[in-house]
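Here the structure comes first, spelled out in structure tokens, and everything after it is commentary.
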Amino acid sequence: TKPHAAAAAAGSAATDYINGSRHHPAAAAAADHLLQELQHADGKLEQLFSDGSRVLHFTNGTVKTTRCDGSMCIKFTNGDVKRQSADGRVDYYYAEVATWQSTHPCGIEVFYFPSGQVEGHHADGVMDIIFPDGAVRRIAPDGSEQDITAGLLPAPVQLPPPEMDRL
């Protein structure tokens with residue numbers, strides 16, 4: 001395997017790995033054989049894997065994994081995680097408050113709190129709340145509240161929280 005021409009032209013050092021003989025622990029999520037490492041002039045380390053995935057290690061400790069299906073995951077040094085799936089859903093984990101925010105392509109944002117409470121925020125200002133005891137309440141943009149059944153919730157609000165071990 002030859003170093004990527006653009007990276008070489010930019011002055012990056014490159015190391016090739018044939019037969020996947022070396023893996024970087026932080027790149028374990030890529031789960032395939034490491035083919036090449038590119039050391040960029042700005043200090044970033046880029047790893048290229050045989051399944052088409054790329055792992056970029058930034059100098060501040062942030063790690064970004066991009067897969068060939070278009071999905072990606074960024075792990076920040078403060079413990080936050082941003083994950084984007086190929087279908088456009090974006091999950092963000094706020095480590096300091098142990099809370100997930102999922103933004104769906106339809107525009108609904110769903111928050112999963114450590115208490116078990118789930119909130120669905122709609123683009124039109126409606127908010128659905130699922131309380132830890134299972135009670136469900138809808139709050140209209142004018143502030144009026146109504147108890148509803150879970151069956152009336154839109155599909156994104158009914159989804160379980162993202163899983164940390166999928167990172």
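Residues are referred to by chain and number: the chain letter is A, B, ... according to the order shown in the structure tokens, the number counts from 1 in that chain, and ligands are numbered separately from 1 in the order shown.
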
May I have the residues within 8 Å of segment 76-88 of chain A as a PDB file with N, CA and C atoms, in the first residue's frame, using only C-alpha atoms and disregarding those fewer than 6 positions away in the same chain?
```pdb
ATOM      1  N   ASN A  60      -5.188  17.466  20.838  1.00  0.00           N
ATOM      2  CA  ASN A  60      -5.785  17.739  22.153  1.00  0.00           C
ATOM      3  C   ASN A  60      -6.393  16.483  22.791  1.00  0.00           C
ATOM      4  N   GLY A  61      -6.286  15.324  22.118  1.00  0.00           N
ATOM      5  CA  GLY A  61      -6.808  14.077  22.672  1.00  0.00           C
ATOM      6  C   GLY A  61      -8.150  13.656  22.096  1.00  0.00           C
ATOM      7  N   THR A  62      -8.807  14.514  21.351  1.00  0.00           N
ATOM      8  CA  THR A  62     -10.073  14.168  20.710  1.00  0.00           C
ATOM      9  C   THR A  62      -9.817  13.120  19.632  1.00  0.00           C
ATOM     10  N   VAL A  63     -10.732  12.147  19.520  1.00  0.00           N
ATOM     11  CA  VAL A  63     -10.607  11.086  18.517  1.00  0.00           C
ATOM     12  C   VAL A  63     -11.887  11.038  17.684  1.00  0.00           C
ATOM     13  N   ASP A  69     -19.859   3.861   5.776  1.00  0.00           N
ATOM     14  CA  ASP A  69     -21.310   4.020   5.584  1.00  0.00           C
ATOM     15  C   ASP A  69     -21.778   5.449   5.849  1.00  0.00           C
ATOM     16  N   GLY A  70     -20.838   6.342   6.207  1.00  0.00           N
ATOM     17  CA  GLY A  70     -21.175   7.732   6.477  1.00  0.00           C
ATOM     18  C   GLY A  70     -21.368   8.042   7.945  1.00  0.00           C
ATOM     19  N   TYR A  94     -23.588  14.284  26.990  1.00  0.00           N
ATOM     20  CA  TYR A  94     -22.987  15.301  27.850  1.00  0.00           C
ATOM     21  C   TYR A  94     -22.493  14.599  29.112  1.00  0.00           C
ATOM     22  N   ALA A  95     -21.204  14.342  29.178  1.00  0.00           N
ATOM     23  CA  ALA A  95     -20.641  13.540  30.262  1.00  0.00           C
ATOM     24  C   ALA A  95     -20.843  14.175  31.639  1.00  0.00           C
ATOM     25  N   GLU A  96     -20.692  15.482  31.725  1.00  0.00           N
ATOM     26  CA  GLU A  96     -20.770  16.153  33.025  1.00  0.00           C
ATOM     27  C   GLU A  96     -22.117  15.944  33.700  1.00  0.00           C
ATOM     28  N   HIS A 104     -33.194  13.937  15.679  1.00  0.00           N
ATOM     29  CA  HIS A 104     -33.661  13.079  14.600  1.00  0.00           C
ATOM     30  C   HIS A 104     -33.850  13.885  13.320  1.00  0.00           C
ATOM     31  N   PRO A 105     -33.721  13.239  12.153  1.00  0.00           N
ATOM     32  CA  PRO A 105     -33.875  13.951  10.879  1.00  0.00           C
ATOM     33  C   PRO A 105     -35.203  14.693  10.748  1.00  0.00           C
ATOM     34  N   LEU A 167     -20.304   2.785  21.195  1.00  0.00           N
ATOM     35  CA  LEU A 167     -19.322   3.780  20.783  1.00  0.00           C
ATOM     36  C   LEU A 167     -18.086   3.088  20.288  1.00  0.00           C
TER      37      LEU A 167
END
```

Determine, counting only C-alpha atoms, which protein, DNA and RNA residues have an atom within 6 Å of an atom of Ile130 of chain A; residues of the same chain fewer than 6 positions away are not included. Present the result as a list in words.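 Returned residues: Gln117, Val118 and Val136 of chain A.
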
Let me see the file: selected residues, C-alpha atoms, as a PDB file, in the first residue's frame.
```pdb
ATOM      1  CA  GLN A 117     -37.049  11.223  32.533  1.00  0.00           C
ATOM      2  CA  VAL A 118     -37.303  11.603  28.749  1.00  0.00           C
ATOM      3  CA  VAL A 136     -46.697  11.089  30.066  1.00  0.00           C
TER       4      VAL A 136
END
```

With only C-alpha atoms as the atoms that count, which of A:Leu153, A:Pro132, A:His121, A:Glu46 lies nearest to Thr59 of chain A? A:Glu46

Selection near Asp51 of chain A, 8 Å with only C-alpha atoms, sequence-local residues under 5 positions removed, as a ChimeraX atom specification: /A:32-33,68

Same residues, N, CA, C and O atoms, output as a CSV table (one decimal), in the first residue's frame:
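Listing of again_37.csv after writing:
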```csv
chain,number,residue,atom,x,y,z
A,32,ASP,N,-11.1,-3.4,12.2
A,32,ASP,CA,-10.5,-4.0,11.1
A,32,ASP,C,-9.0,-3.8,11.1
A,32,ASP,O,-8.5,-3.1,11.9
A,33,HIS,N,-8.4,-4.3,10.1
A,33,HIS,CA,-6.9,-4.2,10.0
A,33,HIS,C,-6.4,-2.8,9.7
A,33,HIS,O,-6.9,-2.2,8.7
A,68,CYS,N,-17.2,3.9,6.5
A,68,CYS,CA,-17.5,4.1,5.1
A,68,CYS,C,-19.0,4.2,4.8
A,68,CYS,O,-19.4,4.7,3.7
```

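Restricting the calculation to only C-alpha atoms, the smallest distance between Lys75 of chain A and any of A:Ala123, A:Lys44, A:Glu37, A:Met164 is found for A:Met164.
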
Could you pull out the helix (DSSP H, G or I) residues of segment 26-155 of chain A, going by DSSP on the backbone, and write them as a ChimeraX atom specification? /A:26-30,95-97,150-152,155

Go ahead and write the selection's residues with N, CA, C and O atoms as a PDB file, in the first residue's frame.
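Final output, again.pdb:
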```pdb
ATOM      1  N   ALA A  26      -7.065   3.020  20.800  1.00  0.00           N
ATOM      2  CA  ALA A  26      -8.147   3.998  20.645  1.00  0.00           C
ATOM      3  C   ALA A  26      -8.923   3.774  19.360  1.00  0.00           C
ATOM      4  O   ALA A  26     -10.020   4.281  19.198  1.00  0.00           O
ATOM      5  N   ALA A  27      -8.371   3.013  18.440  1.00  0.00           N
ATOM      6  CA  ALA A  27      -9.034   2.769  17.169  1.00  0.00           C
ATOM      7  C   ALA A  27      -9.735   1.423  17.144  1.00  0.00           C
ATOM      8  O   ALA A  27     -10.165   0.963  16.100  1.00  0.00           O
ATOM      9  N   ALA A  28      -9.881   0.788  18.282  1.00  0.00           N
ATOM     10  CA  ALA A  28     -10.492  -0.538  18.341  1.00  0.00           C
ATOM     11  C   ALA A  28     -11.894  -0.536  17.744  1.00  0.00           C
ATOM     12  O   ALA A  28     -12.341  -1.541  17.205  1.00  0.00           O
ATOM     13  N   ALA A  29     -12.594   0.603  17.827  1.00  0.00           N
ATOM     14  CA  ALA A  29     -13.950   0.686  17.281  1.00  0.00           C
ATOM     15  C   ALA A  29     -13.958   0.468  15.774  1.00  0.00           C
ATOM     16  O   ALA A  29     -14.952   0.066  15.209  1.00  0.00           O
ATOM     17  N   ALA A  30     -12.853   0.744  15.120  1.00  0.00           N
ATOM     18  CA  ALA A  30     -12.795   0.541  13.679  1.00  0.00           C
ATOM     19  C   ALA A  30     -12.845  -0.945  13.346  1.00  0.00           C
ATOM     20  O   ALA A  30     -13.318  -1.324  12.288  1.00  0.00           O
ATOM     21  N   ALA A  95     -21.204  14.342  29.178  1.00  0.00           N
ATOM     22  CA  ALA A  95     -20.641  13.540  30.262  1.00  0.00           C
ATOM     23  C   ALA A  95     -20.843  14.175  31.639  1.00  0.00           C
ATOM     24  O   ALA A  95     -21.148  13.472  32.605  1.00  0.00           O
ATOM     25  N   GLU A  96     -20.692  15.482  31.725  1.00  0.00           N
ATOM     26  CA  GLU A  96     -20.770  16.153  33.025  1.00  0.00           C
ATOM     27  C   GLU A  96     -22.117  15.944  33.700  1.00  0.00           C
ATOM     28  O   GLU A  96     -22.205  15.857  34.920  1.00  0.00           O
ATOM     29  N   VAL A  97     -23.184  15.823  32.913  1.00  0.00           N
ATOM     30  CA  VAL A  97     -24.526  15.647  33.478  1.00  0.00           C
ATOM     31  C   VAL A  97     -25.146  14.299  33.097  1.00  0.00           C
ATOM     32  O   VAL A  97     -26.322  14.060  33.360  1.00  0.00           O
ATOM     33  N   ALA A 150     -48.729   6.921  26.219  1.00  0.00           N
ATOM     34  CA  ALA A 150     -47.471   6.763  25.486  1.00  0.00           C
ATOM     35  C   ALA A 150     -47.706   6.468  24.011  1.00  0.00           C
ATOM     36  O   ALA A 150     -46.884   6.811  23.166  1.00  0.00           O
ATOM     37  N   GLY A 151     -48.843   5.870  23.685  1.00  0.00           N
ATOM     38  CA  GLY A 151     -49.162   5.560  22.300  1.00  0.00           C
ATOM     39  C   GLY A 151     -49.336   6.793  21.424  1.00  0.00           C
ATOM     40  O   GLY A 151     -49.259   6.691  20.205  1.00  0.00           O
ATOM     41  N   LEU A 152     -49.550   7.950  22.019  1.00  0.00           N
ATOM     42  CA  LEU A 152     -49.701   9.187  21.252  1.00  0.00           C
ATOM     43  C   LEU A 152     -48.365   9.893  20.986  1.00  0.00           C
ATOM     44  O   LEU A 152     -48.323  10.889  20.264  1.00  0.00           O
ATOM     45  N   ALA A 155     -42.765   8.428  17.213  1.00  0.00           N
ATOM     46  CA  ALA A 155     -41.818   7.316  17.288  1.00  0.00           C
ATOM     47  C   ALA A 155     -40.453   7.693  17.874  1.00  0.00           C
ATOM     48  O   ALA A 155     -39.934   6.960  18.728  1.00  0.00           O
TER      49      ALA A 155
END
```

List the neighbours of Glu119 of chain A out to 6 Å using only C-alpha atoms; skip same-chain residues closer than 4 positions along the sequence, and give me the result as a tab-separated table (two decimals) with all heavy atoms, in the first residue's frame.
```tsv
chain	number	residue	atom	x	y	z
A	110	VAL	N	-34.67	14.63	21.40
A	110	VAL	CA	-35.07	13.85	22.56
A	110	VAL	C	-33.92	13.87	23.56
A	110	VAL	O	-32.77	13.60	23.21
A	110	VAL	CB	-35.42	12.40	22.17
A	110	VAL	CG1	-35.91	11.62	23.39
A	110	VAL	CG2	-36.48	12.37	21.07
A	111	PHE	N	-34.24	14.20	24.81
A	111	PHE	CA	-33.27	14.24	25.89
A	111	PHE	C	-33.54	13.08	26.85
A	111	PHE	O	-34.69	12.87	27.25
A	111	PHE	CB	-33.36	15.57	26.65
A	111	PHE	CG	-32.98	16.75	25.81
A	111	PHE	CD1	-33.92	17.37	25.00
A	111	PHE	CD2	-31.69	17.25	25.82
A	111	PHE	CE1	-33.58	18.46	24.21
A	111	PHE	CE2	-31.34	18.34	25.04
A	111	PHE	CZ	-32.29	18.95	24.23
A	128	ASP	N	-43.02	16.86	24.86
A	128	ASP	CA	-43.56	15.66	25.50
A	128	ASP	C	-42.61	15.24	26.60
A	128	ASP	O	-41.39	15.23	26.39
A	128	ASP	CB	-43.69	14.52	24.49
A	128	ASP	CG	-44.73	14.80	23.42
A	128	ASP	OD1	-45.79	15.36	23.77
A	128	ASP	OD2	-44.50	14.44	22.26
A	129	ILE	N	-43.15	14.89	27.76
A	129	ILE	CA	-42.33	14.44	28.88
A	129	ILE	C	-42.80	13.07	29.32
A	129	ILE	O	-43.99	12.88	29.57
A	129	ILE	CB	-42.40	15.42	30.07
A	129	ILE	CG1	-41.99	16.82	29.64
A	129	ILE	CG2	-41.52	14.92	31.22
A	129	ILE	CD1	-42.22	17.88	30.71
```
